[in-house]
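Only one structure is covered here, and it is reproduced in the block below.
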Amino acid sequence: MATHSETIGEEKVGKAKPGGEALHCIVVTPERTWLDEVVDSVVLPAFDGEVGVLRGHSPMIARLGHGELRTKLGGTVHRYFVDGGFAQVRDDVVTILTHRAIPADQVDATSANKDLERAEDMPSTSEHEFEVRERAFARARGMIRVARSKR
Amino acid sequence: MAKARAIIKRRKAVENIRKITRTMELIATNRFRKALNRATEAEAFTRKIAELVADLRETSAEASHPLLIRREPVKRSLLLVLTSNRGLAGAYNGNVLRIANARLLDDQTAGIDTKIEVAGKRGINYFRFRRQAVEAAYTQFEDRPQYEEVETLAEKYIRLYLDGSIDRLDVAYTQFFSTSRQIATVQTLLPVATAELGQAAPSVRQSRKATTPEDAASGRKKTRVPYEFLPDPASILEELVPVSFKVRLFKCFLDAAVSEQIARMVAMGGATKNADDLVKSLTRQYNRARQSQITRELADIVGAAAALQ
């Protein structure tokens, strides 16, 4: 009896994890699936701060800010700049939907600084203009932060 | 021999044209494959967005976003017409322009002030010929429309809609259903219809699409995933509204690009076939001409010999 229940239990455990033993990180942009790899952990730039995701994280849907996405596999850390969007965590799969993703070492701080200056010159007479301006600010600041942190 | 030589000359010209059309067909086939691949890759995003919306809907969150608000009656609208930069694509541009024109007439009778924006040289020339004022013209969208370019365009439309310059945005383009079916349509993208939110514009892989959302939906109904939301579902849904609009507009451009290449492929395929037929009939004509010339010469010789006797 005992052995029987044990085997059944093991099977159930195996089925309960559709994602297998690994954590998948998928980054999708409107043009294509930008990144799809197996990782140990993911750090997401949520709209109000960073969120770390390990295997077995509870299902989550989050809005993303403009910031740094980090994935870790073994000892190596990959860093990317993510331009807003959404993240969904489910069954050990982290899906990130974003307009734009750039590897952190390709983020150009000088052009980001120019973007920031341009954002300062933007008009903000209506609610929409204000929103656009705020977004441009957040994006430029996020890029500068990501560009700086690599040093 | 004069007539036979003229026929040979014509046949040579036709053969040369055939070479050109055949090459264009091959190029169009190649470009079509690339465009289709891009459209397929882009589908992952729309599918994911649709999934998110379905998840958010289950929490019975209601989105309230200015882009969702329908303004009645519509006084001013904007019609974006997607045509190609190059010709020789069969009825591709004609179909889009015809349907765009029908919409313009409808708007005129309804008393709506419609502005026109055109992408593609063919459409620009058409409206110039008809002396219709065009608000803006774009030629940068070739067969590989970039999302960033479309996004700036989308942001402009969102701004126009929000500050009340337009009450409706329509896009006239060629919708791609399958390699053998593309239909020119006019779609209203703004205001965003609540039912269409997140729903991909009817699209490339219909068969695959039909299975995946259903499977996903039925699977989810059984075990509703207890999501944690950052921030609350309603505000995520609101954030999704402009994204959904941008993606739908991008999809229109991708569809148009794929359809253009198919139209060119078919047109050039037809032209190559016609050239083949022409070469065949010209060859026959030439043989006949040569034969009748020989007969004539023989008759001359025989006649001359008979006269000498």
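Ordering of the structure tokens sets the chain letters (A, B, ...); residue numbers start at 1 within each chain; ligands are numbered from 1 in the order shown.
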
Can I get the residues of chain A within 8 Å of chain B, each with the closest pair of atoms and their distance in Å to one decimal, using only C-alpha atoms, sorted chain first then ascending number, as a tab-separated table?
residue	atom	partner	partner_atom	distance
A:Val28	CA	B:Phe45	CA	5.9
A:Thr29	CA	B:Phe45	CA	6.3
A:Pro30	CA	B:Phe45	CA	5.3
A:Glu31	CA	B:Ala42	CA	4.5
A:Arg32	CA	B:Glu41	CA	4.6
A:Thr33	CA	B:Glu41	CA	6.5
A:Ala46	CA	B:Leu230	CA	7.9
A:Ser58	CA	B:Tyr227	CA	7.3
A:Pro59	CA	B:Tyr227	CA	4.7
A:Met60	CA	B:Glu228	CA	4.4
A:Ile61	CA	B:Phe229	CA	5.0
A:Ala62	CA	B:Leu230	CA	4.5
A:Arg63	CA	B:Leu230	CA	6.2
A:Gln88	CA	B:Leu52	CA	7.9
A:Leu97	CA	B:Phe45	CA	6.9
A:His128	CA	B:Arg159	CA	7.1

For region 29-36 of chain B: contacts at 8 Å, only C-alpha atoms, fewer than 6 positions along chain excluded, given as a PyMOL selection string: chain B and resi 143-144+254+257-258+261-262+265

How would the residues just chosen look if you wrote them out with all heavy atoms as a PDB file, in the first residue's frame?
ATOM      1  N   ASP B 143       8.434  47.129 -47.462  1.00  0.00           N
ATOM      2  CA  ASP B 143       7.887  45.816 -47.139  1.00  0.00           C
ATOM      3  C   ASP B 143       8.307  45.333 -45.753  1.00  0.00           C
ATOM      4  O   ASP B 143       7.947  44.247 -45.344  1.00  0.00           O
ATOM      5  CB  ASP B 143       8.256  44.789 -48.219  1.00  0.00           C
ATOM      6  CG  ASP B 143       9.735  44.828 -48.522  1.00  0.00           C
ATOM      7  OD1 ASP B 143      10.365  45.840 -48.195  1.00  0.00           O
ATOM      8  OD2 ASP B 143      10.242  43.846 -49.081  1.00  0.00           O
ATOM      9  N   ARG B 144       9.100  46.156 -45.048  1.00  0.00           N
ATOM     10  CA  ARG B 144       9.447  45.792 -43.670  1.00  0.00           C
ATOM     11  C   ARG B 144       9.085  46.935 -42.734  1.00  0.00           C
ATOM     12  O   ARG B 144       9.951  47.672 -42.278  1.00  0.00           O
ATOM     13  CB  ARG B 144      10.940  45.504 -43.544  1.00  0.00           C
ATOM     14  CG  ARG B 144      11.392  44.244 -44.235  1.00  0.00           C
ATOM     15  CD  ARG B 144      12.906  44.170 -44.245  1.00  0.00           C
ATOM     16  NE  ARG B 144      13.459  44.372 -42.904  1.00  0.00           N
ATOM     17  CZ  ARG B 144      13.585  43.401 -42.004  1.00  0.00           C
ATOM     18  NH1 ARG B 144      13.192  42.201 -42.301  1.00  0.00           N
ATOM     19  NH2 ARG B 144      14.093  43.649 -40.830  1.00  0.00           N
ATOM     20  N   LEU B 254       1.696  45.250 -41.225  1.00  0.00           N
ATOM     21  CA  LEU B 254       2.291  43.956 -41.558  1.00  0.00           C
ATOM     22  C   LEU B 254       1.435  43.219 -42.572  1.00  0.00           C
ATOM     23  O   LEU B 254       1.933  42.661 -43.558  1.00  0.00           O
ATOM     24  CB  LEU B 254       2.444  43.098 -40.301  1.00  0.00           C
ATOM     25  CG  LEU B 254       3.530  43.501 -39.318  1.00  0.00           C
ATOM     26  CD1 LEU B 254       3.480  42.590 -38.105  1.00  0.00           C
ATOM     27  CD2 LEU B 254       4.899  43.419 -39.955  1.00  0.00           C
ATOM     28  N   ALA B 257       1.852  44.673 -45.931  1.00  0.00           N
ATOM     29  CA  ALA B 257       3.129  44.316 -46.543  1.00  0.00           C
ATOM     30  C   ALA B 257       3.081  42.906 -47.123  1.00  0.00           C
ATOM     31  O   ALA B 257       3.527  42.664 -48.254  1.00  0.00           O
ATOM     32  CB  ALA B 257       4.245  44.435 -45.514  1.00  0.00           C
ATOM     33  N   VAL B 258       2.516  41.979 -46.354  1.00  0.00           N
ATOM     34  CA  VAL B 258       2.435  40.595 -46.829  1.00  0.00           C
ATOM     35  C   VAL B 258       1.540  40.526 -48.068  1.00  0.00           C
ATOM     36  O   VAL B 258       1.895  39.912 -49.080  1.00  0.00           O
ATOM     37  CB  VAL B 258       1.881  39.670 -45.717  1.00  0.00           C
ATOM     38  CG1 VAL B 258       1.686  38.274 -46.248  1.00  0.00           C
ATOM     39  CG2 VAL B 258       2.806  39.639 -44.523  1.00  0.00           C
ATOM     40  N   GLN B 261       3.134  41.750 -51.341  1.00  0.00           N
ATOM     41  CA  GLN B 261       4.064  40.816 -51.982  1.00  0.00           C
ATOM     42  C   GLN B 261       3.318  39.678 -52.666  1.00  0.00           C
ATOM     43  O   GLN B 261       3.701  39.239 -53.747  1.00  0.00           O
ATOM     44  CB  GLN B 261       5.056  40.262 -50.966  1.00  0.00           C
ATOM     45  CG  GLN B 261       5.966  41.310 -50.348  1.00  0.00           C
ATOM     46  CD  GLN B 261       6.658  42.173 -51.376  1.00  0.00           C
ATOM     47  OE1 GLN B 261       6.925  41.737 -52.490  1.00  0.00           O
ATOM     48  NE2 GLN B 261       6.924  43.421 -51.039  1.00  0.00           N
ATOM     49  N   ILE B 262       2.228  39.229 -52.039  1.00  0.00           N
ATOM     50  CA  ILE B 262       1.443  38.163 -52.662  1.00  0.00           C
ATOM     51  C   ILE B 262       0.842  38.665 -53.961  1.00  0.00           C
ATOM     52  O   ILE B 262       0.894  37.987 -55.002  1.00  0.00           O
ATOM     53  CB  ILE B 262       0.324  37.678 -51.724  1.00  0.00           C
ATOM     54  CG1 ILE B 262       0.923  36.968 -50.526  1.00  0.00           C
ATOM     55  CG2 ILE B 262      -0.612  36.735 -52.454  1.00  0.00           C
ATOM     56  CD1 ILE B 262      -0.092  36.550 -49.524  1.00  0.00           C
ATOM     57  N   MET B 265       3.426  38.832 -56.523  1.00  0.00           N
ATOM     58  CA  MET B 265       3.799  37.476 -56.915  1.00  0.00           C
ATOM     59  C   MET B 265       2.804  36.932 -57.934  1.00  0.00           C
ATOM     60  O   MET B 265       3.185  36.409 -58.991  1.00  0.00           O
ATOM     61  CB  MET B 265       3.750  36.605 -55.663  1.00  0.00           C
ATOM     62  CG  MET B 265       4.737  35.514 -55.573  1.00  0.00           C
ATOM     63  SD  MET B 265       4.767  34.983 -53.868  1.00  0.00           S
ATOM     64  CE  MET B 265       3.353  33.914 -53.770  1.00  0.00           C
TER      65      MET B 265
END

Nearest-residue call for Arg100 (chain A), choices A:Ile144, A:Leu116, A:Val77, A:Val82, using only C-alpha atoms: A:Val82

Point-to-point distance from CA of Thr95 (chain A) to CA of Thr76 (chain A), Å rounded to tenths: 20.4 Å

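Taking only C-alpha atoms, the non-local environment of region 121-132 of chain B within 7 Å (same-chain residues fewer than 6 positions away omitted) comprises B:Thr83, B:Ser84, B:Asn85, B:Arg86, B:Gly87, B:Thr139.
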
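For the pair CA of Val279 (chain B) and CA of Ala91 (chain B), the separation is 25.0 Å.
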